[in-house]
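Asker: One file: entry_2.cif (mmCIF, C-alpha atoms).
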data_upload
loop_
_atom_site.label_atom_id
_atom_site.label_comp_id
_atom_site.auth_asym_id
_atom_site.auth_seq_id
_atom_site.Cartn_x
_atom_site.Cartn_y
_atom_site.Cartn_z
CA MET Z 1 -3.32 -25.33 52.55
CA ASP Z 2 -4.23 -22.78 55.23
CA LYS Z 3 -7.83 -22.33 56.31
CA ILE Z 4 -9.55 -19.00 56.94
CA THR Z 5 -12.96 -18.93 58.55
CA VAL Z 6 -15.12 -15.84 58.15
CA VAL Z 7 -18.03 -15.64 60.59
CA LYS Z 8 -20.77 -13.03 60.56
CA ILE Z 9 -22.97 -12.61 63.62
CA GLY Z 10 -26.24 -10.76 63.86
CA GLY Z 11 -29.78 -11.05 65.11
CA LYS Z 12 -30.42 -11.42 68.82
CA ILE Z 13 -26.89 -12.65 69.56
CA ILE Z 14 -25.36 -9.18 69.69
CA ASN Z 15 -27.97 -7.74 72.05
CA ALA Z 16 -28.24 -10.62 74.52
CA GLY Z 17 -25.25 -10.73 76.87
CA GLU Z 18 -25.42 -14.46 77.60
CA LEU Z 19 -25.84 -15.36 73.92
CA LEU Z 20 -22.96 -13.13 72.90
CA ASN Z 21 -20.66 -14.65 75.53
CA GLU Z 22 -21.70 -18.15 74.43
CA PHE Z 23 -21.05 -17.30 70.79
CA LEU Z 24 -17.62 -15.76 71.48
CA ASP Z 25 -16.63 -18.82 73.49
CA GLN Z 26 -17.50 -21.04 70.51
CA PHE Z 27 -15.84 -18.65 68.05
CA SER Z 28 -12.62 -18.74 70.07
CA LYS Z 29 -12.47 -22.52 69.50
CA ILE Z 30 -12.46 -22.26 65.70
CA GLU Z 31 -9.07 -23.49 64.54
CA GLY Z 32 -6.86 -21.59 62.15
CA MET Z 33 -7.08 -17.99 61.00
CA LYS Z 34 -10.45 -16.32 61.44
CA ILE Z 35 -12.30 -13.08 60.84
CA LEU Z 36 -15.44 -11.87 62.59
CA VAL Z 37 -17.98 -9.52 61.03
CA HIS Z 38 -20.86 -8.14 63.08
CA GLY Z 39 -24.03 -6.24 62.37
CA GLY Z 40 -25.96 -4.31 64.97
CA GLY Z 41 -29.16 -3.29 63.29
CA ARG Z 42 -31.33 -3.96 66.33
CA SER Z 43 -29.12 -1.79 68.54
CA ALA Z 44 -29.25 0.99 65.96
CA THR Z 45 -33.04 0.67 65.69
CA ASN Z 46 -33.43 0.82 69.48
CA MET Z 47 -31.26 3.93 69.70
CA LEU Z 48 -33.08 5.60 66.80
CA THR Z 49 -36.40 4.95 68.53
CA LYS Z 50 -35.09 6.45 71.78
CA LEU Z 51 -34.06 9.55 69.84
CA GLY Z 52 -37.46 9.82 68.18
CA ILE Z 53 -36.17 8.91 64.71
CA VAL Z 54 -38.36 6.51 62.74
CA PRO Z 55 -36.23 3.67 61.26
CA LYS Z 56 -36.85 3.04 57.56
CA MET Z 57 -36.26 -0.27 55.78
CA HIS Z 58 -36.70 -1.61 52.25
CA ASN Z 59 -36.50 -5.36 51.53
CA GLY Z 60 -34.51 -5.99 54.71
CA ARG Z 61 -32.01 -3.19 54.06
CA ARG Z 62 -31.82 0.03 56.08
CA ILE Z 63 -32.40 3.44 54.51
CA THR Z 64 -29.68 5.61 56.07
CA ASP Z 65 -30.19 9.36 56.33
CA LYS Z 66 -27.61 11.59 58.07
CA ALA Z 67 -29.10 11.20 61.55
CA THR Z 68 -29.36 7.42 61.12
CA LEU Z 69 -25.75 7.25 59.91
CA ASP Z 70 -24.52 9.06 63.04
CA VAL Z 71 -26.36 6.54 65.22
CA CYS Z 72 -24.98 3.61 63.21
CA ILE Z 73 -21.41 4.91 63.56
CA GLY Z 74 -21.80 5.19 67.33
CA GLN Z 75 -23.42 1.79 67.75
CA TYR Z 76 -21.45 -0.26 65.21
CA ALA Z 77 -17.89 1.11 65.45
CA GLY Z 78 -18.17 2.20 69.08
CA ASN Z 79 -20.47 0.38 71.44
CA ILE Z 80 -20.76 -3.03 69.76
CA ASN Z 81 -17.33 -3.38 68.16
CA LYS Z 82 -15.33 -2.46 71.23
CA LYS Z 83 -17.48 -4.62 73.49
CA ILE Z 84 -16.82 -7.64 71.26
CA VAL Z 85 -13.09 -6.88 71.03
CA VAL Z 86 -12.56 -6.66 74.80
CA LEU Z 87 -14.64 -9.79 75.42
CA LEU Z 88 -12.54 -11.72 72.91
CA GLN Z 89 -9.34 -10.36 74.45
CA SER Z 90 -10.57 -11.54 77.86
CA ILE Z 91 -10.75 -15.16 76.62
CA GLY Z 92 -7.37 -15.15 74.91
CA VAL Z 93 -8.30 -14.11 71.36
CA ASP Z 94 -6.06 -11.31 70.04
CA ALA Z 95 -8.90 -9.35 68.44
CA ILE Z 96 -8.50 -6.04 66.63
CA GLY Z 97 -11.55 -3.87 65.99
CA LEU Z 98 -11.95 -2.48 62.48
CA SER Z 99 -14.30 -0.84 60.04
CA GLY Z 100 -13.85 -1.03 56.29
CA ALA Z 101 -12.41 2.51 56.49
CA ASP Z 102 -9.47 1.47 58.69
CA GLY Z 103 -6.35 1.02 56.59
CA GLY Z 104 -8.56 1.42 53.53
CA LEU Z 105 -9.27 -2.30 53.92
CA ILE Z 106 -12.66 -2.15 52.19
CA LYS Z 107 -13.22 0.36 49.41
CA ALA Z 108 -16.82 1.35 48.79
CA SER Z 109 -19.00 3.86 46.99
CA LYS Z 110 -22.33 5.44 47.84
CA ARG Z 111 -25.18 3.37 46.44
CA PRO Z 112 -26.95 4.92 43.41
CA THR Z 113 -30.28 6.57 44.24
CA ASP Z 114 -32.17 4.79 41.45
CA PRO Z 115 -34.48 2.92 41.86
CA ILE Z 116 -34.42 3.33 45.68
CA ASP Z 117 -32.52 6.04 47.55
CA PHE Z 118 -30.87 4.21 50.45
CA GLY Z 119 -29.10 7.37 51.60
CA TYR Z 120 -25.62 6.87 53.06
CA ALA Z 121 -25.45 3.19 52.13
CA GLY Z 122 -22.24 1.72 50.79
CA ASP Z 123 -21.68 -0.71 47.93
CA ILE Z 124 -18.38 -2.56 48.20
CA GLU Z 125 -15.94 -2.11 45.33
CA SER Z 126 -12.94 -4.06 46.59
CA VAL Z 127 -11.24 -5.60 49.63
CA GLU Z 128 -7.51 -5.10 50.27
CA SER Z 129 -6.92 -8.82 50.67
CA LYS Z 130 -3.11 -8.64 50.99
CA LYS Z 131 -3.34 -6.12 53.84
CA LEU Z 132 -5.97 -8.25 55.56
CA LYS Z 133 -3.88 -11.41 55.15
CA SER Z 134 -0.94 -9.54 56.72
CA LEU Z 135 -3.02 -8.91 59.85
CA LEU Z 136 -3.94 -12.59 59.99
CA ASP Z 137 -0.29 -13.60 59.56
CA LEU Z 138 0.59 -11.39 62.54
CA GLY Z 139 -1.83 -13.44 64.64
CA TYR Z 140 -4.63 -10.89 64.88
CA VAL Z 141 -8.31 -11.76 64.63
CA PRO Z 142 -9.96 -8.85 62.76
CA VAL Z 143 -13.42 -7.85 64.00
CA PHE Z 144 -15.23 -5.78 61.36
CA CYS Z 145 -18.27 -3.60 62.00
CA ALA Z 146 -20.79 -2.72 59.29
CA LEU Z 147 -19.18 0.53 58.10
CA THR Z 148 -17.10 1.41 55.05
CA ALA Z 149 -16.02 4.69 53.42
CA ASP Z 150 -15.79 6.14 49.93
CA LYS Z 151 -12.78 7.83 48.32
CA ASN Z 152 -14.05 11.25 49.47
CA GLY Z 153 -13.91 10.30 53.15
CA GLN Z 154 -17.63 9.72 53.60
CA LEU Z 155 -18.50 6.94 56.04
CA LEU Z 156 -21.18 4.60 54.74
CA ASN Z 157 -23.54 2.12 56.37
CA THR Z 158 -22.87 -1.23 54.69
CA ASN Z 159 -24.74 -4.49 55.06
CA ALA Z 160 -22.71 -6.78 57.34
CA ASP Z 161 -23.69 -9.89 55.38
CA THR Z 162 -22.30 -8.22 52.25
CA ILE Z 163 -19.07 -7.34 54.06
CA ALA Z 164 -18.64 -10.94 55.24
CA SER Z 165 -19.33 -12.34 51.77
CA SER Z 166 -17.00 -9.83 50.08
CA ILE Z 167 -14.17 -10.57 52.54
CA ALA Z 168 -14.60 -14.32 52.07
CA VAL Z 169 -14.47 -14.01 48.27
CA ALA Z 170 -11.46 -11.67 48.40
CA MET Z 171 -9.48 -14.17 50.49
CA VAL Z 172 -10.00 -17.03 48.02
CA GLY Z 173 -6.56 -17.97 46.74
CA PHE Z 174 -4.79 -17.39 50.05
CA ALA Z 175 -6.41 -20.36 51.77
CA GLU Z 176 -9.43 -22.64 51.95
CA ILE Z 177 -12.25 -20.25 52.87
CA ASN Z 178 -15.21 -21.14 55.06
CA LEU Z 179 -18.03 -18.62 55.51
CA GLN Z 180 -20.63 -18.91 58.25
CA PHE Z 181 -23.59 -16.63 58.95
CA CYS Z 182 -24.54 -17.15 62.60
CA PHE Z 183 -27.81 -15.91 64.10
CA GLU Z 184 -30.44 -16.99 66.64
CA TYR Z 185 -31.66 -20.05 64.71
CA ASN Z 186 -29.64 -23.10 63.70
CA GLY Z 187 -30.33 -22.41 60.03
CA ILE Z 188 -32.95 -21.09 57.61
CA LEU Z 189 -36.38 -22.24 58.74
CA SER Z 190 -39.04 -23.60 56.42
CA ASP Z 191 -41.59 -22.02 58.79
CA LEU Z 192 -41.58 -20.35 62.22
CA VAL Z 193 -44.12 -22.76 63.74
CA SER Z 194 -42.24 -26.04 63.40
CA GLU Z 195 -38.81 -24.34 63.20
CA ALA Z 196 -37.79 -27.06 60.76
CA ILE Z 197 -34.41 -26.29 59.19
CA ILE Z 198 -33.81 -26.28 55.45
CA HIS Z 199 -30.56 -28.24 55.35
CA GLU Z 200 -29.56 -27.31 51.81
CA ILE Z 201 -30.29 -24.36 49.55
CA GLU Z 202 -29.27 -24.65 45.92
CA CYS Z 203 -27.99 -21.41 44.43
CA SER Z 204 -30.46 -21.76 41.55
CA ASN Z 205 -33.46 -21.95 43.93
CA PHE Z 206 -33.03 -18.48 45.47
CA HIS Z 207 -35.81 -16.67 43.59
CA LYS Z 208 -38.15 -19.65 43.93
CA LEU Z 209 -37.80 -19.57 47.74
CA ILE Z 210 -38.57 -15.83 47.75
CA LYS Z 211 -41.66 -16.40 45.62
CA GLN Z 212 -42.79 -19.14 48.04
CA LYS Z 213 -42.24 -16.65 50.91
CA ILE Z 214 -39.85 -19.04 52.64
CA LEU Z 215 -37.24 -16.30 52.41
CA GLU Z 216 -38.50 -12.94 53.64
CA GLY Z 217 -37.21 -9.67 55.13
CA GLY Z 218 -33.64 -9.62 56.39
CA VAL Z 219 -33.11 -13.29 55.50
CA ILE Z 220 -33.19 -12.39 51.79
CA PRO Z 221 -29.92 -10.36 51.70
CA LYS Z 222 -28.31 -12.94 54.01
CA VAL Z 223 -29.02 -15.84 51.64
CA HIS Z 224 -28.22 -13.70 48.60
CA ASN Z 225 -24.78 -12.92 50.01
CA ALA Z 226 -24.24 -16.55 50.96
CA ILE Z 227 -25.01 -17.62 47.39
CA THR Z 228 -22.75 -14.90 45.95
CA ALA Z 229 -19.86 -16.22 48.04
CA LYS Z 230 -20.47 -19.82 47.00
CA LEU Z 231 -20.62 -18.91 43.31
CA ASN Z 232 -17.32 -17.03 43.64
CA GLY Z 233 -15.09 -19.76 44.96
CA VAL Z 234 -15.75 -19.92 48.71
CA GLU Z 235 -15.29 -23.57 49.69
CA SER Z 236 -17.99 -23.89 52.33
CA VAL Z 237 -20.92 -21.54 53.05
CA ALA Z 238 -23.41 -22.19 55.84
CA ILE Z 239 -26.10 -20.40 57.84
CA CYS Z 240 -26.10 -21.60 61.42
CA GLY Z 241 -26.67 -20.86 65.10
CA ILE Z 242 -24.38 -20.82 68.11
CA SER Z 243 -24.92 -24.48 68.99
CA ASN Z 244 -23.79 -25.72 65.56
CA LEU Z 245 -21.08 -23.14 64.83
CA LEU Z 246 -18.38 -25.79 65.28
CA ASP Z 247 -20.36 -28.66 63.75
CA LEU Z 248 -22.39 -27.61 60.71
CA ARG Z 249 -24.21 -30.89 60.11
CA ASN Z 250 -27.55 -29.48 61.30
CA SER Z 251 -27.22 -26.08 59.61
CA THR Z 252 -28.31 -24.68 56.24
CA LYS Z 253 -25.60 -25.27 53.65
CA ILE Z 254 -25.44 -23.40 50.37
CA ILE Z 255 -24.71 -25.77 47.49
#
Hey, can you dump this file as structure tokens for me?
Answerer:
Amino acid sequence: MDKITVVKIGGKIINAGELLNEFLDQFSKIEGMKILVHGGGRSATNMLTKLGIVPKMHNGRRITDKATLDVCIGQYAGNINKKIVVLLQSIGVDAIGLSGADGGLIKASKRPTDPIDFGYAGDIESVESKKLKSLLDLGYVPVFCALTADKNGQLLNTNADTIASSIAVAMVGFAEINLQFCFEYNGILSDLVSEAIIHEIECSNFHKLIKQKILEGGVIPKVHNAITAKLNGVESVAICGISNLLDLRNSTKII
């Protein structure tokens, strides 16, 4: 059976040139068909600050007003996505830059305003898995940014972890699916002092870890999306760093 690896990158990797180059070198060595999904929240936050716009967050998720959306579009689909695509092309990976809006690959709707109004935030409704598999069969490596669109043509800021998880679940049935969330640590840490890695997280322990404050901020949606993927048929789900992207033994595995 074919294998498809979906990798999501975020955190400091995107903003640090050396880290990004190191990651892309490792990513290029993943065998079989692969898909890359990237965030870019820190770049968006930095640009918002430069423009005098105060970034707003709630439980690790961005509240996106019109001005924030415009910045996200420029950073995610423009600056970051194209930089990653050309760097991958330079090392022999036939990357193609995409948002969920391109080809209608990811269909989304604006998130309801109750109980929290997240503004122009998108909730994923479906992924056009056959179209995406066609791109993979042609030899392309899709590189998705964190944008989708609704049926009315409105672009929406969409959590990149959610996009990666949704893509991985949608591709179940075409191949063995592996999903990896890669950021600046080698896994989920039990604490920031010792940087000890939690090697396994059971799906049923999610709320307990939040209550114990082991999972906080932006890590919460990351782990939530990892668990969602595992519960919906994704073969292997791990949270890792650059150094263990190709060997997940010292990462956090979702079981």
Asker: When the PyMOL selection byres ((chain Z and resi 175-183) around 6) is applied to the file above, which residues end up in the set, as a list in words?
Answerer: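 On this input, the PyMOL selection byres ((chain Z and resi 175-183) around 6) captures Met1, Asp2, Lys3, Ile4, Thr5, Val6, Val7, Lys8, Ile9, Gly10, Gly11, Gly173, Phe174, Glu184, Tyr185, Val234, Glu235, Ser236, Val237, Ala238, Ile239, Cys240 and Gly241 of chain Z.
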Asker: Can you write out the residues you just picked, keeping C-alpha atoms, as a JSON list (two decimals), in the frame of the given file?
Answerer:
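The resulting file, part37.json, is shown below:
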[["chain", "number", "residue", "atom", "x", "y", "z"],
["Z", 1, "MET", "CA", -3.32, -25.33, 52.55],
["Z", 2, "ASP", "CA", -4.23, -22.78, 55.23],
["Z", 3, "LYS", "CA", -7.83, -22.33, 56.31],
["Z", 4, "ILE", "CA", -9.55, -19.00, 56.94],
["Z", 5, "THR", "CA", -12.96, -18.93, 58.55],
["Z", 6, "VAL", "CA", -15.12, -15.84, 58.15],
["Z", 7, "VAL", "CA", -18.03, -15.64, 60.59],
["Z", 8, "LYS", "CA", -20.77, -13.03, 60.56],
["Z", 9, "ILE", "CA", -22.97, -12.61, 63.62],
["Z", 10, "GLY", "CA", -26.24, -10.76, 63.86],
["Z", 11, "GLY", "CA", -29.78, -11.05, 65.11],
["Z", 173, "GLY", "CA", -6.56, -17.97, 46.74],
["Z", 174, "PHE", "CA", -4.79, -17.39, 50.05],
["Z", 184, "GLU", "CA", -30.44, -16.99, 66.64],
["Z", 185, "TYR", "CA", -31.66, -20.05, 64.71],
["Z", 234, "VAL", "CA", -15.75, -19.92, 48.71],
["Z", 235, "GLU", "CA", -15.29, -23.57, 49.69],
["Z", 236, "SER", "CA", -17.99, -23.89, 52.33],
["Z", 237, "VAL", "CA", -20.92, -21.54, 53.05],
["Z", 238, "ALA", "CA", -23.41, -22.19, 55.84],
["Z", 239, "ILE", "CA", -26.10, -20.40, 57.84],
["Z", 240, "CYS", "CA", -26.10, -21.60, 61.42],
["Z", 241, "GLY", "CA", -26.67, -20.86, 65.10]]
Asker: Select, counting all atoms listed in the file, all protein, DNA and RNA residues no farther than 8 Å from (-16.0, -4.6, 49.8) in file coordinates, and express the selection as number ranges by chain.
Answerer: Z: 100, 106-108, 123-127, 162-163, 166-167
Asker: Could you state which residues are captured by the PyMOL selection byres ((chain Z and resi 160) around 7) in this file, as an MDAnalysis selection string?
Answerer: chainID Z and resid 37:39 146 158:159 161:164
Asker: How far is it from atom CA of Thr49 of chain Z to atom CA of Cys72 of chain Z, in Å with one decimal?
Answerer: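 Distance reported for this atom pair: 12.7 Å.
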Asker: Can you give me, as a PyMOL selection string, the residues this file yields under the PyMOL selection byres ((chain Z and resi 62) around 10)?
Answerer: chain Z and resi 41+45+55-61+63-65+68+118-121+157-159+218
